[in-house]
file protein-v4.txt (compact mmCIF, C-alpha atoms and all ligand atoms)
# COMPACT_ATOMS: atom_id res chain seq x y z
CA MET A 1 -70.40 2.79 -23.05
CA GLY A 2 -74.13 2.73 -22.18
CA ILE A 3 -76.83 2.04 -24.77
CA PHE A 4 -78.05 5.62 -24.44
CA ASP A 5 -74.64 7.06 -25.23
CA PHE A 6 -75.59 7.74 -28.84
CA LEU A 7 -77.71 10.57 -27.48
CA LYS A 8 -74.63 12.39 -26.23
CA PRO A 9 -72.36 14.25 -28.63
CA ARG A 10 -69.31 12.17 -29.39
CA ALA A 11 -66.23 13.52 -27.65
CA PRO A 12 -62.98 13.40 -29.58
CA ASN A 13 -60.38 11.03 -28.22
CA THR A 14 -58.13 13.58 -26.56
CA ALA A 15 -55.43 11.05 -25.67
CA SER A 16 -54.67 10.35 -29.31
CA VAL A 17 -54.58 14.09 -30.04
CA ALA A 18 -52.07 14.50 -27.20
CA LYS A 19 -49.95 11.66 -28.52
CA GLU A 20 -49.85 13.03 -32.05
CA ARG A 21 -48.91 16.54 -30.90
CA LEU A 22 -46.17 15.16 -28.68
CA ARG A 23 -44.78 12.94 -31.39
CA ILE A 24 -44.21 15.98 -33.59
CA ILE A 25 -42.86 18.41 -31.00
CA VAL A 26 -40.57 15.82 -29.39
CA ALA A 27 -39.09 14.86 -32.77
CA GLN A 28 -38.55 18.53 -33.56
CA GLU A 29 -36.87 19.25 -30.23
CA ARG A 30 -34.66 16.18 -30.51
CA ALA A 31 -33.48 17.33 -33.91
CA GLN A 32 -32.44 20.67 -32.42
CA ARG A 33 -30.72 19.16 -29.39
CA GLY A 34 -27.06 20.03 -29.08
CA ALA A 35 -27.48 22.49 -31.91
CA PRO A 36 -25.88 25.95 -31.71
CA ASP A 37 -27.70 28.54 -29.60
CA TYR A 38 -28.16 30.89 -32.53
CA LEU A 39 -30.48 28.48 -34.28
CA PRO A 40 -33.80 29.96 -33.06
CA THR A 41 -32.65 33.47 -34.07
CA LEU A 42 -31.45 32.18 -37.41
CA ARG A 43 -34.81 30.55 -37.98
CA ARG A 44 -36.62 33.78 -37.09
CA GLU A 45 -34.50 35.90 -39.39
CA ILE A 46 -34.88 33.50 -42.29
CA LEU A 47 -38.61 33.64 -41.74
CA GLU A 48 -38.51 37.45 -41.91
CA VAL A 49 -36.66 37.36 -45.22
CA LEU A 50 -38.97 34.74 -46.68
CA LYS A 51 -42.00 36.76 -45.71
CA LYS A 52 -40.90 39.50 -48.08
CA TYR A 53 -41.50 37.09 -50.94
CA VAL A 54 -44.00 34.48 -49.87
CA ASN A 55 -46.64 34.05 -47.24
CA VAL A 56 -45.21 31.30 -45.05
CA ASP A 57 -46.27 30.03 -41.67
CA PRO A 58 -43.74 29.92 -38.85
CA ASP A 59 -44.03 26.13 -38.82
CA ALA A 60 -43.18 25.89 -42.52
CA ILE A 61 -39.50 26.27 -41.69
CA GLN A 62 -37.60 23.30 -40.33
CA VAL A 63 -34.03 23.79 -39.18
CA LYS A 64 -32.11 20.69 -38.31
CA VAL A 65 -28.52 19.99 -37.34
CA SER A 66 -27.23 16.52 -38.03
CA HIS A 67 -23.85 14.84 -37.95
CA GLU A 68 -22.41 13.06 -40.92
CA GLY A 69 -18.91 11.60 -41.08
CA GLY A 70 -17.44 14.09 -38.62
CA HIS A 71 -19.18 17.04 -40.27
CA GLU A 72 -22.00 19.08 -38.88
CA LEU A 73 -24.78 19.52 -41.36
CA LEU A 74 -27.30 22.33 -41.20
CA GLU A 75 -30.46 21.30 -42.97
CA LEU A 76 -33.04 23.88 -43.83
CA SER A 77 -36.35 23.06 -45.39
CA VAL A 78 -39.15 25.43 -46.24
CA ALA A 79 -42.59 24.29 -47.24
CA LEU A 80 -43.86 26.88 -49.73
CA PRO A 81 -47.56 27.70 -49.86
CA GLU A 82 -49.67 26.56 -52.80
CA LYS A 83 -49.83 30.02 -54.32
CA PRO A 84 -47.24 32.73 -53.81
CA ALA A 85 -48.46 35.88 -52.06
CA SER A 86 -49.37 38.56 -54.55
CA MET B 1 -19.82 0.37 -4.41
CA THR B 2 -22.17 3.28 -3.92
CA GLU B 3 -24.78 3.93 -6.58
CA ILE B 4 -26.06 7.48 -7.03
CA ILE B 5 -29.67 7.62 -8.23
CA VAL B 6 -31.30 10.89 -9.27
CA VAL B 7 -35.08 11.26 -9.25
CA THR B 8 -35.87 13.99 -11.74
CA SER B 9 -38.57 15.22 -14.17
CA GLY B 10 -38.20 18.75 -15.47
CA LYS B 11 -41.82 19.60 -14.77
CA GLY B 12 -42.81 20.42 -11.19
CA GLY B 13 -45.29 18.59 -9.01
CA VAL B 14 -45.23 15.30 -10.89
CA GLY B 15 -44.20 13.17 -7.89
CA LYS B 16 -40.39 13.34 -7.55
CA THR B 17 -40.35 13.77 -3.78
CA THR B 18 -43.06 11.13 -3.30
CA THR B 19 -40.97 8.79 -5.46
CA SER B 20 -37.64 9.62 -3.77
CA ALA B 21 -39.09 8.87 -0.35
CA SER B 22 -40.68 5.58 -1.40
CA LEU B 23 -37.62 4.50 -3.37
CA ALA B 24 -35.33 5.20 -0.41
CA VAL B 25 -37.61 3.29 1.97
CA GLY B 26 -38.02 0.43 -0.52
CA LEU B 27 -34.25 0.01 -0.81
CA ALA B 28 -33.77 0.27 2.96
CA LYS B 29 -36.53 -2.29 3.52
CA ARG B 30 -34.48 -4.69 1.41
CA GLY B 31 -31.50 -4.20 3.72
CA ARG B 32 -29.51 -1.66 1.71
CA LYS B 33 -27.80 1.28 3.39
CA VAL B 34 -29.45 4.37 1.91
CA ALA B 35 -29.15 8.15 2.11
CA VAL B 36 -31.79 10.34 0.49
CA ILE B 37 -30.87 13.96 -0.22
CA ASP B 38 -33.22 16.88 -0.83
CA PHE B 39 -31.68 19.11 -3.54
CA ASP B 40 -34.56 21.59 -3.49
CA VAL B 41 -32.70 24.48 -1.86
CA GLY B 42 -35.15 27.00 -0.43
CA LEU B 43 -38.13 24.63 -0.62
CA ARG B 44 -37.41 21.82 1.85
CA ASN B 45 -40.06 19.11 1.48
CA LEU B 46 -38.56 15.65 1.68
CA ASP B 47 -38.25 15.88 5.48
CA LEU B 48 -42.05 16.23 5.75
CA ILE B 49 -42.73 13.32 3.42
CA MET B 50 -40.23 11.18 5.36
CA GLY B 51 -41.72 12.33 8.67
CA CYS B 52 -38.51 13.70 10.17
CA GLU B 53 -39.12 17.47 9.89
CA ARG B 54 -38.74 18.12 13.60
CA ARG B 55 -35.36 16.44 13.78
CA VAL B 56 -33.61 18.62 11.21
CA VAL B 57 -30.66 20.33 12.91
CA TYR B 58 -28.17 20.71 10.08
CA ASP B 59 -28.85 20.63 6.35
CA PHE B 60 -27.12 19.95 3.01
CA VAL B 61 -25.77 23.50 2.68
CA ASN B 62 -24.36 23.42 6.23
CA VAL B 63 -22.33 20.34 5.23
CA ILE B 64 -21.18 21.94 1.98
CA GLN B 65 -20.09 25.08 3.79
CA ASN B 66 -18.25 23.01 6.43
CA GLU B 67 -20.47 24.18 9.27
CA CYS B 68 -20.95 20.58 10.39
CA THR B 69 -19.93 17.08 9.40
CA ILE B 70 -22.00 14.85 7.16
CA LYS B 71 -22.52 12.56 10.12
CA GLN B 72 -24.08 15.36 12.13
CA ALA B 73 -26.42 16.32 9.31
CA LEU B 74 -27.74 12.87 8.41
CA ILE B 75 -31.06 12.20 10.11
CA LYS B 76 -31.55 8.56 10.96
CA ASP B 77 -34.98 7.21 10.02
CA LYS B 78 -37.18 6.03 12.91
CA ARG B 79 -38.28 2.90 11.00
CA TYR B 80 -35.05 1.68 9.39
CA GLU B 81 -31.68 2.18 11.03
CA ASN B 82 -29.96 1.84 7.63
CA LEU B 83 -31.87 4.80 6.17
CA PHE B 84 -30.80 8.45 6.45
CA VAL B 85 -32.21 11.77 5.28
CA LEU B 86 -30.20 14.88 4.37
CA ALA B 87 -32.54 17.86 4.41
CA ALA B 88 -32.43 20.78 1.99
CA SER B 89 -31.44 24.15 3.27
CA GLN B 90 -34.13 26.83 3.60
CA THR B 91 -31.69 29.50 2.46
CA ARG B 92 -32.77 31.67 -0.43
CA ASP B 93 -29.26 31.71 -1.82
CA LYS B 94 -29.45 29.42 -4.83
CA ASP B 95 -25.67 29.52 -5.20
CA ALA B 96 -25.23 27.76 -1.89
CA LEU B 97 -24.89 24.46 -3.76
CA THR B 98 -21.65 24.08 -5.67
CA ARG B 99 -20.45 21.26 -7.85
CA GLU B 100 -17.34 20.77 -5.71
CA GLY B 101 -19.42 20.79 -2.54
CA VAL B 102 -21.89 18.23 -3.86
CA GLU B 103 -19.06 16.03 -5.07
CA ARG B 104 -17.38 16.13 -1.66
CA VAL B 105 -20.60 15.15 0.15
CA LEU B 106 -21.17 12.26 -2.27
CA ASP B 107 -17.56 11.11 -1.82
CA GLU B 108 -18.01 11.12 1.94
CA LEU B 109 -21.14 8.99 1.58
CA ARG B 110 -19.13 6.58 -0.59
CA GLU B 111 -16.49 6.36 2.12
CA ALA B 112 -19.22 5.67 4.68
CA ASP B 113 -20.23 2.60 2.63
CA PHE B 114 -23.67 3.66 1.57
CA ASP B 115 -25.15 1.31 -1.04
CA TYR B 116 -27.43 3.96 -2.51
CA VAL B 117 -27.68 7.72 -2.49
CA VAL B 118 -31.06 8.94 -3.77
CA CYS B 119 -31.05 12.56 -5.00
CA ASP B 120 -34.46 14.25 -4.98
CA SER B 121 -34.17 16.87 -7.72
CA PRO B 122 -36.01 20.20 -7.73
CA ALA B 123 -38.20 20.99 -10.74
CA GLY B 124 -36.79 22.88 -13.70
CA ILE B 125 -33.40 22.66 -15.37
CA GLU B 126 -31.60 25.27 -13.27
CA LYS B 127 -28.60 24.76 -11.03
CA GLY B 128 -30.27 22.59 -8.37
CA ALA B 129 -31.67 20.16 -10.93
CA PHE B 130 -28.37 20.16 -12.79
CA LEU B 131 -26.36 19.34 -9.67
CA ALA B 132 -28.83 16.65 -8.58
CA MET B 133 -28.29 14.79 -11.87
CA TYR B 134 -24.63 15.61 -12.53
CA PHE B 135 -23.04 12.79 -10.53
CA ALA B 136 -25.77 10.20 -11.12
CA ASP B 137 -25.10 6.60 -12.15
CA ARG B 138 -28.80 5.99 -12.64
CA ALA B 139 -31.81 8.24 -13.23
CA ILE B 140 -35.48 7.74 -12.52
CA VAL B 141 -37.41 10.16 -14.70
CA VAL B 142 -40.84 10.68 -13.16
CA VAL B 143 -43.48 11.37 -15.79
CA ASN B 144 -47.25 11.92 -15.71
CA PRO B 145 -49.43 10.92 -18.70
CA GLU B 146 -49.88 14.53 -19.69
CA VAL B 147 -48.41 16.59 -22.57
CA SER B 148 -46.15 19.02 -20.73
CA SER B 149 -44.74 16.36 -18.43
CA VAL B 150 -43.90 14.03 -21.32
CA ARG B 151 -42.23 16.82 -23.27
CA ASP B 152 -40.17 17.90 -20.26
CA SER B 153 -39.13 14.29 -19.66
CA ASP B 154 -37.70 14.09 -23.14
CA ARG B 155 -35.76 17.25 -22.45
CA ILE B 156 -34.40 15.76 -19.22
CA LEU B 157 -33.44 12.51 -20.96
CA GLY B 158 -31.41 14.62 -23.39
CA LEU B 159 -29.65 16.41 -20.54
CA LEU B 160 -28.88 13.11 -18.80
CA ALA B 161 -27.18 11.97 -21.97
CA SER B 162 -25.06 15.11 -22.31
CA LYS B 163 -24.78 17.18 -19.12
CA THR B 164 -23.74 14.56 -16.56
CA ARG B 165 -20.30 13.52 -15.41
CA HIS B 166 -20.59 10.10 -17.02
CA ALA B 167 -21.56 11.73 -20.30
CA GLU B 168 -18.69 14.23 -20.11
CA VAL B 169 -16.05 11.67 -19.20
CA GLY B 170 -17.54 9.30 -21.73
CA THR B 171 -16.80 6.09 -19.85
CA ARG B 172 -20.39 4.96 -19.57
CA ARG B 173 -23.90 6.30 -19.80
CA VAL B 174 -26.33 7.11 -17.02
CA GLU B 175 -28.88 4.28 -16.74
CA GLN B 176 -32.27 5.80 -17.54
CA HIS B 177 -35.67 4.63 -16.29
CA LEU B 178 -39.13 6.05 -16.72
CA LEU B 179 -41.59 5.92 -13.86
CA LEU B 180 -45.12 6.76 -14.94
CA THR B 181 -47.09 8.14 -12.00
CA ARG B 182 -50.58 9.51 -11.33
CA TYR B 183 -51.86 7.01 -13.89
CA ASN B 184 -55.61 6.58 -14.12
CA PRO B 185 -56.57 3.36 -15.97
CA GLU B 186 -60.25 4.36 -16.16
CA ARG B 187 -59.42 7.59 -17.95
CA VAL B 188 -57.03 5.74 -20.26
CA ALA B 189 -59.84 3.29 -21.11
CA ARG B 190 -62.11 6.24 -21.90
CA GLY B 191 -59.49 7.69 -24.23
CA ASP B 192 -58.85 10.91 -22.37
CA MET B 193 -55.46 9.99 -20.90
CA MET B 194 -52.38 8.69 -22.72
CA SER B 195 -51.58 5.03 -22.10
CA ILE B 196 -48.38 3.32 -20.95
CA ALA B 197 -47.68 2.31 -24.57
CA ASP B 198 -48.24 5.89 -25.79
CA VAL B 199 -45.68 7.32 -23.38
CA GLU B 200 -43.18 4.54 -24.10
CA GLU B 201 -43.54 5.11 -27.80
CA ILE B 202 -43.07 8.88 -27.66
CA LEU B 203 -40.07 8.72 -25.34
CA GLY B 204 -38.59 5.57 -26.84
CA LEU B 205 -37.90 4.04 -23.45
CA GLU B 206 -39.46 1.20 -21.55
CA ILE B 207 -41.36 2.06 -18.41
CA LEU B 208 -39.96 0.74 -15.11
CA GLY B 209 -43.18 1.07 -13.16
CA VAL B 210 -46.63 2.57 -13.21
CA VAL B 211 -47.95 4.24 -10.06
CA PRO B 212 -51.69 4.84 -10.14
CA GLU B 213 -53.31 8.06 -8.99
CA SER B 214 -54.22 7.18 -5.43
CA GLU B 215 -55.72 8.87 -2.38
CA SER B 216 -53.27 7.04 -0.16
CA VAL B 217 -50.43 9.26 -1.41
CA LEU B 218 -51.94 12.30 0.29
CA ALA B 219 -52.77 10.25 3.39
CA GLY B 220 -49.14 9.14 3.52
CA SER B 221 -47.79 12.64 3.19
CA ASN B 222 -50.24 13.88 5.84
CA ALA B 223 -48.81 11.32 8.23
CA GLY B 224 -45.15 11.58 7.21
CA THR B 225 -45.19 7.93 6.13
CA PRO B 226 -43.92 7.24 2.60
CA VAL B 227 -46.72 5.55 0.66
CA ILE B 228 -44.62 2.44 -0.03
CA LEU B 229 -45.14 1.52 3.63
CA ASP B 230 -48.91 1.32 3.06
CA ASN B 231 -49.36 -2.31 2.01
CA GLU B 232 -53.03 -1.78 1.23
CA SER B 233 -52.44 1.07 -1.17
CA PRO B 234 -52.20 0.39 -4.93
CA ALA B 235 -49.67 3.23 -5.21
CA GLY B 236 -47.62 1.77 -2.35
CA GLN B 237 -47.59 -1.69 -3.90
CA ALA B 238 -46.76 -0.25 -7.32
CA TYR B 239 -43.77 1.58 -5.79
CA ASP B 240 -42.64 -1.62 -4.12
CA ASP B 241 -42.80 -3.47 -7.46
CA ALA B 242 -40.80 -0.71 -9.13
CA VAL B 243 -38.04 -0.94 -6.49
CA GLY B 244 -38.02 -4.72 -6.97
CA ARG B 245 -37.61 -4.31 -10.73
CA LEU B 246 -34.80 -1.81 -10.22
CA LEU B 247 -32.97 -4.53 -8.29
CA GLY B 248 -33.57 -7.04 -11.05
CA ASP B 249 -36.83 -8.80 -10.11
CA SER B 250 -39.14 -9.42 -13.03
CA LEU B 251 -42.61 -8.49 -11.85
CA PRO B 252 -45.75 -7.97 -13.93
CA MET B 253 -47.37 -4.51 -13.92
CA ARG B 254 -50.32 -4.18 -11.57
CA PHE B 255 -53.12 -1.61 -11.20
CA THR B 256 -52.87 -0.66 -14.87
CA GLU B 257 -56.23 -2.01 -16.08
CA ALA B 258 -59.59 -0.27 -15.62
CA GLN B 259 -61.93 -1.97 -13.14
CA LYS B 260 -64.51 -4.10 -14.91
CA LYS B 261 -67.91 -2.47 -14.68
CA GLY B 262 -71.05 -4.30 -13.69
CA PHE B 263 -73.87 -4.94 -16.16
CA LEU B 264 -76.10 -2.11 -14.92
CA SER B 265 -73.44 0.55 -14.91
CA ARG B 266 -72.42 -0.52 -18.40
CA LEU B 267 -76.00 -0.29 -19.59
CA PHE B 268 -76.41 3.19 -18.22
CA GLY B 269 -72.86 4.30 -18.91
CA ALA B 270 -72.30 5.37 -15.30
N1 LIG C 301 -49.66 8.62 -7.38
C1 LIG C 301 -50.19 9.74 -6.88
N2 LIG C 301 -51.53 9.81 -6.60
C2 LIG C 301 -52.07 10.93 -6.08
N3 LIG C 301 -51.38 12.03 -5.76
C3 LIG C 301 -50.05 12.04 -5.99
C4 LIG C 301 -49.38 10.90 -6.56
N4 LIG C 301 -48.07 11.20 -6.66
C5 LIG C 301 -47.92 12.44 -6.18
N5 LIG C 301 -49.10 12.96 -5.78
C6 LIG C 301 -49.35 14.30 -5.20
O1 LIG C 301 -48.84 15.27 -6.10
C7 LIG C 301 -48.29 16.35 -5.40
C8 LIG C 301 -46.86 16.60 -5.84
O2 LIG C 301 -46.05 15.51 -5.46
P1 LIG C 301 -44.51 15.67 -5.13
O3 LIG C 301 -44.29 16.71 -4.09
O4 LIG C 301 -43.96 14.31 -4.88
O5 LIG C 301 -44.01 16.22 -6.53
P2 LIG C 301 -42.60 16.85 -6.90
O6 LIG C 301 -42.33 16.42 -8.30
O7 LIG C 301 -41.59 16.49 -5.88
O8 LIG C 301 -42.90 18.41 -6.83
P3 LIG C 301 -41.83 19.61 -6.93
O9 LIG C 301 -41.52 19.74 -8.39
O10 LIG C 301 -42.55 20.79 -6.40
O11 LIG C 301 -40.64 19.22 -6.12
C9 LIG C 301 -48.40 16.03 -3.92
O12 LIG C 301 -49.52 16.69 -3.42
C10 LIG C 301 -48.60 14.53 -3.91
O13 LIG C 301 -49.37 14.13 -2.80
MG MG C 302 -40.23 17.75 -4.77
call {"tool": "encode", "arguments": {"input": "protein-v4.txt", "output": "structure tokens"}}
result
Amino acid sequence: MGIFDFLKPRAPNTASVAKERLRIIVAQERAQRGAPDYLPTLRREILEVLKKYVNVDPDAIQVKVSHEGGHELLELSVALPEKPAS
Amino acid sequence: MTEIIVVTSGKGGVGKTTTSASLAVGLAKRGRKVAVIDFDVGLRNLDLIMGCERRVVYDFVNVIQNECTIKQALIKDKRYENLFVLAASQTRDKDALTREGVERVLDELREADFDYVVCDSPAGIEKGAFLAMYFADRAIVVVNPEVSSVRDSDRILGLLASKTRHAEVGTRRVEQHLLLTRYNPERVARGDMMSIADVEEILGLEILGVVPESESVLAGSNAGTPVILDNESPAGQAYDDAVGRLLGDSLPMRFTEAQKKGFLSRLFGA
């Protein structure tokens, strides 16, 4: 906070980085809570299949189990890259 | 009515045992009859923090395996005659704790008219941690303003809502509280530590108390005196406030603002 502080390189605000990362991972883990144990394997295998066609990142796949009117709903969303892999 | 309170966290070393000891003393100080149980089988610690390590004759596992009575195993505190410690066993057999055994010990404490039983959970989400939380009516989740601790706390909150007796029977839910410890207001002001509001927002739960990072915690554990008994210590006073709030007092948070700096130190950014 000193008047000479402009001489030092500005450090990023690490607390807000921490908060943002946590917000995402906590939401993701909550969505998977109580979900069947095979979900991580399912996610991995889907990723393997997708990779044969497109270049996707592991975090492009979101698997979510939700409850709707007594039914269990498996939601799967894949964010495709801008250009398909050649 | 006996209330079972679990002090838990997921992550290790965040301050569960420090909190269990101060909570138990704080309740006893207010006249309640309290037993505090160390669930950390193989890594007995609570006895040292409570200052009764040389008076351990029988432990939790001895009671569960019917090698002694609960009365024989409870160590009466030297400061409060209504406060008792049940030490963890030093056995390496993790299966020494059983759900039936734990339930029987808790039932015996109910029959002996204890107001509170504080369960000091081991770290992790294995058997010991599971059994410490299983019979709880209330949970204090100890969290540090740090990424892995916050994430683990969320995990534990999920388990409290699903893997406890109250959750399984479905009659009521386990009351959940967050206790933010090792908080450093100066670092929060500088932007390199998450704030109270940050942690509340991520976990979606109001914070019961904030215990600052304080040298007196180590001094207390060196001496075997729970820090809540140190009236000069910010951490001790913060623990006392938290116990008050748990019993329904409405007290403002203290020790959560950075100390105001003088003109010179501000000028030079010291
Ligand atoms: N508010 C605080 N200020 C400074 N040091 C603290 C504070 N709270 C706890 N500590 C220190 O942190 C360390 C771990 O505390 P403690 O043993 O209570 O954690 P724990 O969660 O019970 O650990 P474990 O998971 O191993 O059982 C100890 O050295 C203790 O003195
Ligand atoms: Mg401990």
call {"tool": "residues_near_point", "arguments": {"input": "protein-v4.txt", "point": "(-45.8, 36.5, -36.1)", "cutoff": "10 Å", "atoms": "all atoms listed in the file", "output": "count of residues only"}}
result
5
call {"tool": "residues_around", "arguments": {"input": "protein-v4.txt", "residues": "Leu73 (chain A)", "least_positions_apart": "2", "cutoff": "12 Å", "atoms": "only C-alpha atoms", "output": "PyMOL selection string"}}
result
chain A and resi 31-32+35-36+63-71+75-76
call {"tool": "write_last_selection", "arguments": {"input": "protein-v4.txt", "atoms": "C-alpha atoms", "output": "compact mmCIF listing (two decimals), keeping the file's coordinate frame"}}
result
# COMPACT_ATOMS: atom_id res chain seq x y z
CA ALA A 31 -33.48 17.33 -33.91
CA GLN A 32 -32.44 20.67 -32.42
CA ALA A 35 -27.48 22.49 -31.91
CA PRO A 36 -25.88 25.95 -31.71
CA VAL A 63 -34.03 23.79 -39.18
CA LYS A 64 -32.11 20.69 -38.31
CA VAL A 65 -28.52 19.99 -37.34
CA SER A 66 -27.23 16.52 -38.03
CA HIS A 67 -23.85 14.84 -37.95
CA GLU A 68 -22.41 13.06 -40.92
CA GLY A 69 -18.91 11.60 -41.08
CA GLY A 70 -17.44 14.09 -38.62
CA HIS A 71 -19.18 17.04 -40.27
CA GLU A 75 -30.46 21.30 -42.97
CA LEU A 76 -33.04 23.88 -43.83
call {"tool": "residues_near_ligand", "arguments": {"input": "protein-v4.txt", "ligand": "ligand LIG 301 (chain C)", "cutoff": "6 Å", "atoms": "all atoms listed in the file", "output": "ChimeraX atom specification"}}
result
/B:12-18,122-123,181-182,211-215,217-218,235
call {"tool": "residues_near_ligand", "arguments": {"input": "protein-v4.txt", "ligand": "ligand MG 302 (chain C)", "cutoff": "12 Å", "atoms": "all atoms listed in the file", "output": "JSON, numbers by chain"}}
result
{"B": [7, 8, 9, 10, 11, 12, 13, 14, 15, 16, 17, 18, 19, 20, 21, 37, 38, 39, 40, 41, 42, 43, 44, 45, 46, 47, 48, 49, 87, 88, 119, 120, 121, 122, 123, 124, 128, 129, 142]}
call {"tool": "residues_around", "arguments": {"input": "protein-v4.txt", "residues": "region 14-22 of chain A", "least_positions_apart": "5", "cutoff": "10 Å", "atoms": "all atoms listed in the file", "output": "MDAnalysis selection string"}}
result
(chainID A and resid 27:28) or (chainID B and resid 145:148 150:151 187:188 190:195 198:199 201:203)
call {"tool": "write_last_selection", "arguments": {"input": "protein-v4.txt", "atoms": "C-alpha atoms", "output": "mmCIF file, in the frame of the given file"}}
result
data_model
loop_
_atom_site.group_PDB
_atom_site.id
_atom_site.type_symbol
_atom_site.label_atom_id
_atom_site.label_comp_id
_atom_site.auth_asym_id
_atom_site.auth_seq_id
_atom_site.Cartn_x
_atom_site.Cartn_y
_atom_site.Cartn_z
ATOM 1 C CA ALA A 27 -39.090 14.860 -32.770
ATOM 2 C CA GLN A 28 -38.550 18.530 -33.560
ATOM 3 C CA PRO B 145 -49.430 10.920 -18.700
ATOM 4 C CA GLU B 146 -49.880 14.530 -19.690
ATOM 5 C CA VAL B 147 -48.410 16.590 -22.570
ATOM 6 C CA SER B 148 -46.150 19.020 -20.730
ATOM 7 C CA VAL B 150 -43.900 14.030 -21.320
ATOM 8 C CA ARG B 151 -42.230 16.820 -23.270
ATOM 9 C CA ARG B 187 -59.420 7.590 -17.950
ATOM 10 C CA VAL B 188 -57.030 5.740 -20.260
ATOM 11 C CA ARG B 190 -62.110 6.240 -21.900
ATOM 12 C CA GLY B 191 -59.490 7.690 -24.230
ATOM 13 C CA ASP B 192 -58.850 10.910 -22.370
ATOM 14 C CA MET B 193 -55.460 9.990 -20.900
ATOM 15 C CA MET B 194 -52.380 8.690 -22.720
ATOM 16 C CA SER B 195 -51.580 5.030 -22.100
ATOM 17 C CA ASP B 198 -48.240 5.890 -25.790
ATOM 18 C CA VAL B 199 -45.680 7.320 -23.380
ATOM 19 C CA GLU B 201 -43.540 5.110 -27.800
ATOM 20 C CA ILE B 202 -43.070 8.880 -27.660
ATOM 21 C CA LEU B 203 -40.070 8.720 -25.340
#
call {"tool": "residues_around", "arguments": {"input": "protein-v4.txt", "residues": "Arg79 (chain B)", "least_positions_apart": "2", "cutoff": "10 Å", "atoms": "only C-alpha atoms", "output": "list in words"}}
result
Val25, Ala28, Lys29, Lys76, Asp77, Glu81, Asn82, Leu83 and Thr225 of chain B
call {"tool": "decode", "arguments": {"input": "protein-v4.txt", "residues": "region 165-175 of chain B", "atoms": "N, CA, C and O atoms", "output": "short mmCIF file (atom, residue, chain, number, x, y, z; two decimals), in the first residue's frame"}}
result
data_model
loop_
_atom_site.label_atom_id
_atom_site.label_comp_id
_atom_site.auth_asym_id
_atom_site.auth_seq_id
_atom_site.Cartn_x
_atom_site.Cartn_y
_atom_site.Cartn_z
N ARG B 165 -26.72 -41.43 10.89
CA ARG B 165 -27.94 -42.13 11.30
C ARG B 165 -29.18 -41.27 11.06
O ARG B 165 -30.19 -41.76 10.57
N HIS B 166 -29.09 -39.99 11.42
CA HIS B 166 -30.25 -39.12 11.19
C HIS B 166 -30.64 -39.10 9.72
O HIS B 166 -31.82 -39.13 9.37
N ALA B 167 -29.64 -39.05 8.84
CA ALA B 167 -29.93 -39.02 7.41
C ALA B 167 -30.56 -40.33 6.97
O ALA B 167 -31.50 -40.33 6.17
N GLU B 168 -30.05 -41.45 7.49
CA GLU B 168 -30.58 -42.76 7.07
C GLU B 168 -31.99 -42.99 7.57
O GLU B 168 -32.83 -43.51 6.85
N VAL B 169 -32.24 -42.62 8.84
CA VAL B 169 -33.58 -42.80 9.40
C VAL B 169 -34.54 -41.77 8.79
O VAL B 169 -35.72 -42.04 8.60
N GLY B 170 -33.98 -40.59 8.50
CA GLY B 170 -34.79 -39.58 7.83
C GLY B 170 -35.68 -38.75 8.72
O GLY B 170 -36.53 -38.01 8.25
N THR B 171 -35.51 -38.88 10.03
CA THR B 171 -36.36 -38.11 10.94
C THR B 171 -35.98 -36.64 10.99
O THR B 171 -36.83 -35.77 11.07
N ARG B 172 -34.69 -36.38 10.98
CA ARG B 172 -34.23 -34.99 11.03
C ARG B 172 -32.85 -34.93 10.38
O ARG B 172 -32.28 -35.96 10.04
N ARG B 173 -32.33 -33.72 10.22
CA ARG B 173 -30.99 -33.63 9.65
C ARG B 173 -29.99 -33.28 10.75
O ARG B 173 -30.38 -32.83 11.82
N VAL B 174 -28.73 -33.56 10.46
CA VAL B 174 -27.67 -33.19 11.40
C VAL B 174 -27.47 -31.68 11.27
O VAL B 174 -27.32 -31.17 10.16
N GLU B 175 -27.51 -30.97 12.39
CA GLU B 175 -27.25 -29.52 12.34
C GLU B 175 -25.80 -29.30 11.92
O GLU B 175 -24.89 -29.89 12.50
#
